[in-house]
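Working notes for the structure below.
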Amino acid sequence: MRIHLKVWRQAGPNTSGRLVDYTIEDVSPDMSFLEMLDVLNESLIARGEDPIAFDSDCREGICGACGFLIDGVPHGPDPGTTVCQLHMRRFDNNDRLTLEPWRARAFPMIKDLVVDRSAFDRIIQAGGYTSINVGGAQDANAILIPKPTAEQAMDSAACIGCGACVAACKNASAALFTSAKISHLGLLPQGEVEQHTRVAAMVHRHDAEGFGSCSNEGECEAVCPKEISITNIARMNRDYLRAMLISRD
Amino acid sequence: MPLDAKIPGGPLSEKWDRHRFESKLVNPANRRKYTIIIVGTGLAGASAASSLGELGYNVLSFCIHDSPRRAHSIAAQGGINAAKNYQNDGDSIQRLFYDTIKGGDYRSREANVYRLAQLSVNIIDQCVAQGVPFAREYGGLLDNRSFGGAQVSRTFYARGQTGQQLLLGAYQSMMRQVQRGSVTSLANREMLDVVVVKGQARGVVCRNLLTGAIERYAGHAVLLCTGGYGTAYYLSTNAVNSNVTAAWRAHKRGAYFANPCYTQIHPTCIPVSGTHQSKLTLMSESLRNDGRVWVPKKQGDTRRPEQIPEAERDYYLERRYPSFGNLVPRDVASRNAKAVCDDGRGVGDSGFAVYLDFSDAIKRLGEDVIRMRYGNLFDMYKKITDDDPYRMPMRIYPAIHYTMGGLWVDYNLMSTIPGLHVLGEANFSDHGANRLGASALMQGLADGYFVIPYTLAHYLGSHSFPAVSTDDDAFREAESAVQERIDTLLNVKGSKTPRQLHRELGQLLWNEVGMARNDTGLRQALERIPQLRDEFWQNVSVPGPKNNLNKNLEYAGRVADYLEFAEVLTLDALHRTESCGGHFREESQTPDGEALRDDERFTYAAAWAFQGVGKPPTLHREPLAFEYVKPSQRSYK
């Protein structure tokens, strides 16, 4: 089949960008979306043009590297799917699609469809861990964790840090990302110990990075490729309130 | 000259304890004076960064991704082994050691493997303390499942995302050290050379992938944790950015490359569908716990699977290996899949696939249980193939997945360049000629959390370090070589893309240095590789800027390294005329087609020393001694 693309091209952080038209012939329905872009890039390289820059690595939907907007929707139209796992059988011959990078103040532009998501690392750095050094851990089975609790923690821990939640949110909030880590650790006895300091530190870092506030509209949940629930945000808000009430600072 | 692996003396079970006691320590107040360069942030790199950061060393951590959390360990699905014996089913450190030695087809070091089995127990404790959400039983205890090559259930797992959860645990611990100031995270950096000063590895030269700047970093030791070389084959289950560049450039500086021909072909991957394909997707080996592998008994049978009656199906693994059945090790399962397909009994459009059928398990356990165990894998399969594995058997075929070979290291994980340590998949040390499932995660974390903190301290404590600055000649020379190579790539301005040339190399390696190898094919490959390399340097096209993000330039550099590396891979396969583990020489098999070792001639690790591009490397042997396990014909019947 034939696919028409409008792709955001921007040579660097300080230059202006624009949408450029491309038409790709002979697209196989078995291709992933990124494989279609590979084919397009091959033709650009053969012509001596700079190929379209986009992030990707595992191409199995787990590393979180890939992601851009397809017609305004992060990762495209399939629910629970990263763009590397989106296949062209989902589209029709002669479809016209517009590809743009995540747009958020806290995700500065790098090139074409690539943005800087290092703010996510700094949110984790602020407190997304248990303060355990290597060496002193007790026997793993000494900590009993009810199966439903472990499953719930795993649901939150499944976040891949792709940034789709931020791109979907009109406030460019990273509340879903931040709350998923806070929930994962806070639900488990190992992480409960530091939950108050953790939630305060991570929320403050989130705000300092320039992400907006959550206004509970749920766009993030709708586009999350791992279907992380916004109940995590509610839990984060409760934990944050509690942390502020008992804070000594 | 035989290589000295520096294996400590004493009985096997006491070697590591004794070695730790005899190793030198670094005073806590002195540790921050040592700068440790760690390249790569997968399980080995992130765990090493966090444990060395906790101890107080000044750590510089580099990765090619935009965040350390994206390293390819994240894609490991099935699980991690540990000799906990929580299931009371007969497991022990001794048994994990034995299974791993046997699984590796008696081509690994006993002392290393025993240490790995000992440390496996600590890894699970550490990860649970970090909050890794492993699967649990209803009573709240940890759950286990079984994996290929073992008759006990010792695999811990977090749904089908075990690698992700273990890596996030290590990454979070590392980020905690970034917050404390002991670790500096330098993402978007590709290591392009190791700098050796007065015989010691003292730094690296990197390209900043966002600005194109070539950067120099000095330190007291360098740790390479950069993974395997499976992407040399173009199509593999590795991530598209995984590469051999860091290991290869270290090899060119003097680190020996050991056993490159030991490549693992994973039996359960989604088959190839077309030339557009950028990678192959693994379906976890854990599926073989409940899935049954079969093909039609008749050749060229084109009926749909549900139309083939039970009596006309060949459950060939269960038939040939009654005691291990569908859970034979990966190399055995892969070779058997190839054999039935070569026999004309493969399924699917290409005929290069076999069925992995869950209908019996669904009947026995119910769809809900299967969904709980493998739901995400089934979803992934459906997204890629458009078939529903709850209704239709999966179609699977072997693909390159892991590389047991790697840079040669001694018991201390140090390469033949003093100070250059190699951890995880990038080294060659623990898996012999074949790795058992759920053992890679174990090795990566054992190396990073529990081995390197001791062996690195010993190295630092027993050497003196002359002052080194990044303005020294060695750094200047390394940087200009890197710069020159980049300029050359940009100036060829030919007509072939790096991907085209990479695909050609990959097909050649898959055909001649893949699942079955023979003298004629290997010699043909050795003729063809230099031709491809010449074509690359005469006709590659690398447009785009040098001083900005240019992914095609990064990729071209990696393809250029594969084109050099492929020769030593092939040469190693040619020289080892025996079959063992993942290395199957057609000339060396038993009457019923199993791999036949030649212990008399090949009980050694082959470590190759670089002599120049296109020049044959020289072979150094490390003899392997088996004092505790007697090598025998591996049997899973």
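Numbering starts fresh at 1 for the residues of each chain in the structure tokens, the chains themselves are lettered A, B, ... in the order given, and ligands are numbered from 1 as they appear.
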
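Interface residues of chain A facing chain B, defined by any atom at most 6 Å away and using only C-alpha atoms, are A:Ala46, A:Gly48, A:Glu49, A:Asp50, A:Asp57, A:Cys58, A:Cys63, A:Gln125, A:Tyr129, A:Thr130, A:Ala137, A:Asp139, A:Ala140, A:Asn141, A:Leu144, A:Ile145, A:Pro146, A:Lys147, A:Ala150, A:Met154, A:Gln190.
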
Written file, previous selection with C-alpha atoms, as a PDB file, in the first residue's frame:
ATOM      1  CA  ALA A  46      20.504   6.712  -0.922  1.00  0.00           C
ATOM      2  CA  GLY A  48      22.286  11.742   0.096  1.00  0.00           C
ATOM      3  CA  GLU A  49      19.704  13.455   2.329  1.00  0.00           C
ATOM      4  CA  ASP A  50      19.731  13.560   6.124  1.00  0.00           C
ATOM      5  CA  ASP A  57      15.922   0.518  20.473  1.00  0.00           C
ATOM      6  CA  CYS A  58      14.334  -2.759  21.580  1.00  0.00           C
ATOM      7  CA  CYS A  63      12.633  -0.029  26.471  1.00  0.00           C
ATOM      8  CA  GLN A 125      16.969  10.488  41.112  1.00  0.00           C
ATOM      9  CA  TYR A 129      14.276   3.893  44.963  1.00  0.00           C
ATOM     10  CA  THR A 130      14.631   2.127  48.274  1.00  0.00           C
ATOM     11  CA  ALA A 137      19.646  -7.750  52.504  1.00  0.00           C
ATOM     12  CA  ASP A 139      16.518 -13.615  52.972  1.00  0.00           C
ATOM     13  CA  ALA A 140      14.076 -12.787  50.187  1.00  0.00           C
ATOM     14  CA  ASN A 141      11.306 -14.976  51.596  1.00  0.00           C
ATOM     15  CA  LEU A 144       5.804 -11.824  52.862  1.00  0.00           C
ATOM     16  CA  ILE A 145       3.851  -9.886  50.279  1.00  0.00           C
ATOM     17  CA  PRO A 146       0.216 -10.760  49.513  1.00  0.00           C
ATOM     18  CA  LYS A 147      -0.169 -11.810  45.910  1.00  0.00           C
ATOM     19  CA  ALA A 150       2.537  -7.781  44.434  1.00  0.00           C
ATOM     20  CA  MET A 154       3.812  -4.804  39.250  1.00  0.00           C
ATOM     21  CA  GLN A 190      10.269  -2.536  51.280  1.00  0.00           C
TER      22      GLN A 190
END

Contact residues around A:Ala243 with only C-alpha atoms at 9 Å, ignoring same-chain residues under 2 positions, as an mmCIF file with C-alpha atoms, in the first residue's frame:
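Result file follows (out.cif):
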data_model
loop_
_atom_site.group_PDB
_atom_site.id
_atom_site.type_symbol
_atom_site.label_atom_id
_atom_site.label_comp_id
_atom_site.auth_asym_id
_atom_site.auth_seq_id
_atom_site.Cartn_x
_atom_site.Cartn_y
_atom_site.Cartn_z
ATOM 1 C CA GLN A 195 7.179 6.750 51.300
ATOM 2 C CA HIS A 196 6.678 10.198 52.823
ATOM 3 C CA THR A 197 10.073 11.582 51.963
ATOM 4 C CA VAL A 199 6.585 11.359 47.509
ATOM 5 C CA ALA A 200 7.565 14.859 48.612
ATOM 6 C CA ARG A 238 -3.184 11.184 49.047
ATOM 7 C CA ASP A 239 0.371 10.236 49.952
ATOM 8 C CA TYR A 240 1.579 13.754 49.209
ATOM 9 C CA LEU A 241 -1.089 15.315 51.424
ATOM 10 C CA LEU A 245 0.741 17.076 57.139
ATOM 11 C CA ILE A 246 3.409 15.176 59.033
ATOM 12 C CA SER A 247 6.378 17.026 57.555
#

Checklist entry - Can you tell me how far atom CA of B:Trp294 sits from atom CA of B:Ala311, in Å to one decimal? => result 11.7 Å

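If you look at atom CA of B:Tyr355 and atom CA of B:Ile270, they are 10.8 Å away from each other.
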
Checklist entry - Which parts of stretch 86-236 of chain A does DSSP call strand (DSSP E) when run on the backbone here, written out as a count of residues only? => result 11

Next on the checklist: Residues near stretch 200-205 of chain B, anyone? I mean within 6 Å using only C-alpha atoms, not counting same-chain ones fewer than 4 positions away, as a PyMOL selection string.
Outcome noted: chain B and resi 191-196+215-221+418-420

Export C-alpha atoms of the chosen residues as a compact mmCIF listing (two decimals), in the first residue's frame?
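Output file again23.txt follows:
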# COMPACT_ATOMS: atom_id res chain seq x y z
CA MET B 191 32.67 4.92 23.69
CA LEU B 192 34.91 4.82 20.64
CA ASP B 193 38.29 4.01 22.18
CA VAL B 194 40.00 2.84 25.33
CA VAL B 195 43.05 4.86 26.28
CA VAL B 196 46.00 2.82 27.52
CA GLU B 215 35.25 13.89 24.57
CA ARG B 216 38.13 12.51 26.67
CA TYR B 217 37.72 11.03 30.16
CA ALA B 218 40.51 9.82 32.44
CA GLY B 219 40.25 7.42 35.38
CA HIS B 220 41.99 4.65 37.29
CA ALA B 221 40.13 1.72 35.77
CA PRO B 418 45.55 -4.24 33.02
CA GLY B 419 42.74 -2.18 34.53
CA LEU B 420 40.25 -2.95 31.77

Checklist outcome for this item: B:Lys297 proximity check over B:Arg345, B:Tyr397, B:Glu554, B:Asp410, using only C-alpha atoms: winner is B:Arg345

Next on the checklist: I need the residues of stretch 18-114 of chain A that end up classed as alpha helix (DSSP H) by DSSP on the backbone, written out as JSON, numbers by chain.
Outcome noted: {"A": [33, 34, 35, 36, 37, 38, 39, 40, 41, 42, 43, 44, 45, 46]}

Item to check | Point-to-point distance in Å for atom CA of B:Asn243 and atom CA of B:Tyr229 | outcome: 5.7 Å

Give me, as a JSON list (two decimals) with N, CA and C atoms, in the first residue's frame, all polymer residues having an atom no more than 12 Å from A:Leu5, counting only C-alpha atoms and skipping those fewer than 6 positions away in the same chain.
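File produced: part-v7.json:
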[["chain", "number", "residue", "atom", "x", "y", "z"],
["A", 19, "LEU", "N", 6.84, 21.04, 8.68],
["A", 19, "LEU", "CA", 6.35, 19.74, 8.25],
["A", 19, "LEU", "C", 6.76, 19.50, 6.80],
["A", 20, "VAL", "N", 7.31, 18.31, 6.52],
["A", 20, "VAL", "CA", 7.76, 17.99, 5.18],
["A", 20, "VAL", "C", 6.96, 16.77, 4.68],
["A", 21, "ASP", "N", 6.54, 16.81, 3.42],
["A", 21, "ASP", "CA", 5.74, 15.72, 2.84],
["A", 21, "ASP", "C", 6.61, 14.60, 2.29],
["A", 22, "TYR", "N", 6.21, 13.38, 2.57],
["A", 22, "TYR", "CA", 6.87, 12.19, 2.00],
["A", 22, "TYR", "C", 5.79, 11.20, 1.58],
["A", 23, "THR", "N", 6.03, 10.49, 0.50],
["A", 23, "THR", "CA", 5.12, 9.40, 0.12],
["A", 23, "THR", "C", 5.93, 8.12, 0.06],
["A", 24, "ILE", "N", 5.41, 7.08, 0.69],
["A", 24, "ILE", "CA", 6.12, 5.79, 0.70],
["A", 24, "ILE", "C", 5.27, 4.77, -0.05],
["A", 25, "GLU", "N", 5.89, 4.16, -1.05],
["A", 25, "GLU", "CA", 5.18, 3.15, -1.86],
["A", 25, "GLU", "C", 5.48, 1.76, -1.30],
["A", 33, "PHE", "N", 5.41, 0.34, 12.25],
["A", 33, "PHE", "CA", 5.46, 1.74, 11.83],
["A", 33, "PHE", "C", 6.90, 2.21, 11.68],
["A", 36, "MET", "N", 8.55, 1.00, 8.56],
["A", 36, "MET", "CA", 8.19, 1.84, 7.42],
["A", 36, "MET", "C", 9.10, 3.08, 7.37],
["A", 37, "LEU", "N", 9.34, 3.68, 8.55],
["A", 37, "LEU", "CA", 10.24, 4.85, 8.56],
["A", 37, "LEU", "C", 11.68, 4.44, 8.19],
["A", 40, "LEU", "N", 11.75, 4.45, 4.51],
["A", 40, "LEU", "CA", 11.80, 5.83, 4.02],
["A", 40, "LEU", "C", 13.22, 6.40, 4.19],
["A", 52, "ILE", "N", 15.37, 10.98, 8.66],
["A", 52, "ILE", "CA", 14.55, 11.48, 9.77],
["A", 52, "ILE", "C", 15.05, 10.87, 11.07],
["A", 70, "ILE", "N", 1.23, 10.54, 16.19],
["A", 70, "ILE", "CA", 0.68, 10.26, 14.87],
["A", 70, "ILE", "C", -0.70, 10.90, 14.84],
["A", 71, "ASP", "N", -0.88, 11.89, 13.99],
["A", 71, "ASP", "CA", -2.12, 12.67, 13.97],
["A", 71, "ASP", "C", -2.51, 13.13, 15.37],
["A", 94, "ASN", "N", -3.24, 4.80, 0.94],
["A", 94, "ASN", "CA", -3.39, 6.24, 0.74],
["A", 94, "ASN", "C", -3.76, 7.03, 2.00],
["A", 95, "ASP", "N", -3.57, 6.44, 3.16],
["A", 95, "ASP", "CA", -3.79, 7.20, 4.40],
["A", 95, "ASP", "C", -2.79, 8.36, 4.46],
["A", 96, "ARG", "N", -3.24, 9.48, 5.03],
["A", 96, "ARG", "CA", -2.38, 10.64, 5.23],
["A", 96, "ARG", "C", -2.15, 10.82, 6.73],
["A", 97, "LEU", "N", -0.89, 10.78, 7.15],
["A", 97, "LEU", "CA", -0.59, 10.82, 8.58],
["A", 97, "LEU", "C", 0.42, 11.93, 8.87],
["A", 98, "THR", "N", 0.26, 12.58, 10.02],
["A", 98, "THR", "CA", 1.18, 13.64, 10.43],
["A", 98, "THR", "C", 1.97, 13.18, 11.65],
["A", 99, "LEU", "N", 3.30, 13.27, 11.56],
["A", 99, "LEU", "CA", 4.16, 12.83, 12.66],
["A", 99, "LEU", "C", 4.85, 14.03, 13.29],
["A", 100, "GLU", "N", 4.70, 14.13, 14.60],
["A", 100, "GLU", "CA", 5.34, 15.24, 15.32],
["A", 100, "GLU", "C", 5.98, 14.71, 16.60]]

Where does stretch 60-94 of chain A meet stretch 105-124 of chain A within 9 Å, residue by residue, with the nearest atom pair and distance in Å to one decimal for each, counting only C-alpha atoms, listed by chain and rising number, as a Markdown table?
| residue | atom | partner | partner_atom | distance |
| --- | --- | --- | --- | --- |
| A:Cys66 | CA | A:Val114 | CA | 8.9 |
| A:Gly67 | CA | A:Leu113 | CA | 8.3 |
| A:Phe68 | CA | A:Leu113 | CA | 6.4 |
| A:Leu69 | CA | A:Leu113 | CA | 8.8 |

Would you write out those residues with N, CA and C atoms, as a PDB file, in the first residue's frame?
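Resulting contents of selection-v8.pdb:
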ATOM      1  N   CYS A  66      11.151   4.690  21.982  1.00  0.00           N
ATOM      2  CA  CYS A  66      10.431   5.251  20.835  1.00  0.00           C
ATOM      3  C   CYS A  66       9.194   6.033  21.258  1.00  0.00           C
ATOM      4  N   GLY A  67       8.681   6.805  20.351  1.00  0.00           N
ATOM      5  CA  GLY A  67       7.444   7.523  20.597  1.00  0.00           C
ATOM      6  C   GLY A  67       7.403   8.860  19.896  1.00  0.00           C
ATOM      7  N   PHE A  68       6.331   9.105  19.173  1.00  0.00           N
ATOM      8  CA  PHE A  68       6.034  10.423  18.604  1.00  0.00           C
ATOM      9  C   PHE A  68       4.536  10.465  18.388  1.00  0.00           C
ATOM     10  N   LEU A  69       4.058  11.627  17.970  1.00  0.00           N
ATOM     11  CA  LEU A  69       2.616  11.772  17.756  1.00  0.00           C
ATOM     12  C   LEU A  69       2.270  11.362  16.334  1.00  0.00           C
TER      13      LEU A  69
END

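Shortest atom-to-atom contact with A:Gly72 among A:Gly161, A:Asn93, A:Ser131, A:Cys169: A:Cys169, counting only C-alpha atoms.
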
Next on the checklist: For A:Ser213, find every residue with an atom within 9 Å (counting only C-alpha atoms), except residues of its own chain fewer than 2 positions away, and show them as number ranges by chain.
Outcome noted: A: 171-175, 207, 211, 215

Let me see the file: selected residues, C-alpha atoms, as a PDB file, in the first residue's frame.
ATOM      1  CA  ASN A 171      -0.797  20.688  30.953  1.00  0.00           C
ATOM      2  CA  ALA A 172       2.216  18.547  29.989  1.00  0.00           C
ATOM      3  CA  SER A 173       2.053  16.937  33.402  1.00  0.00           C
ATOM      4  CA  ALA A 174       4.199  13.935  34.265  1.00  0.00           C
ATOM      5  CA  ALA A 175       1.881  12.941  37.110  1.00  0.00           C
ATOM      6  CA  ASP A 207       7.273  20.604  39.467  1.00  0.00           C
ATOM      7  CA  PHE A 211       5.892  19.718  34.118  1.00  0.00           C
ATOM      8  CA  SER A 215      -6.302  18.166  36.131  1.00  0.00           C
TER       9      SER A 215
END

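Neighbours of B:Gln307 closer than or equal to 12 Å, with only C-alpha atoms counted and sequence neighbours fewer than 5 positions away skipped, come out as Pro296, Asp301, Thr302, Glu312, Arg313 and Met392 of chain B.
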
Residues just named, written with N, CA and C atoms as a compact mmCIF listing (two decimals), in the first residue's frame:
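The file below, again02.txt, is the result:
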# COMPACT_ATOMS: atom_id res chain seq x y z
N PRO B 296 3.93 -31.27 11.53
CA PRO B 296 3.23 -32.41 10.95
C PRO B 296 4.20 -33.56 10.69
N ASP B 301 2.99 -30.72 4.42
CA ASP B 301 1.59 -30.73 4.85
C ASP B 301 1.11 -29.28 5.00
N THR B 302 0.17 -28.85 4.16
CA THR B 302 -0.23 -27.43 4.19
C THR B 302 -1.55 -27.21 4.91
N GLU B 312 -1.25 -37.45 13.55
CA GLU B 312 -0.38 -37.04 12.44
C GLU B 312 0.56 -35.90 12.83
N ARG B 313 0.67 -35.66 14.14
CA ARG B 313 1.59 -34.62 14.62
C ARG B 313 2.83 -35.29 15.21
N MET B 392 -4.83 -20.35 18.19
CA MET B 392 -3.98 -20.96 17.15
C MET B 392 -2.60 -21.20 17.76
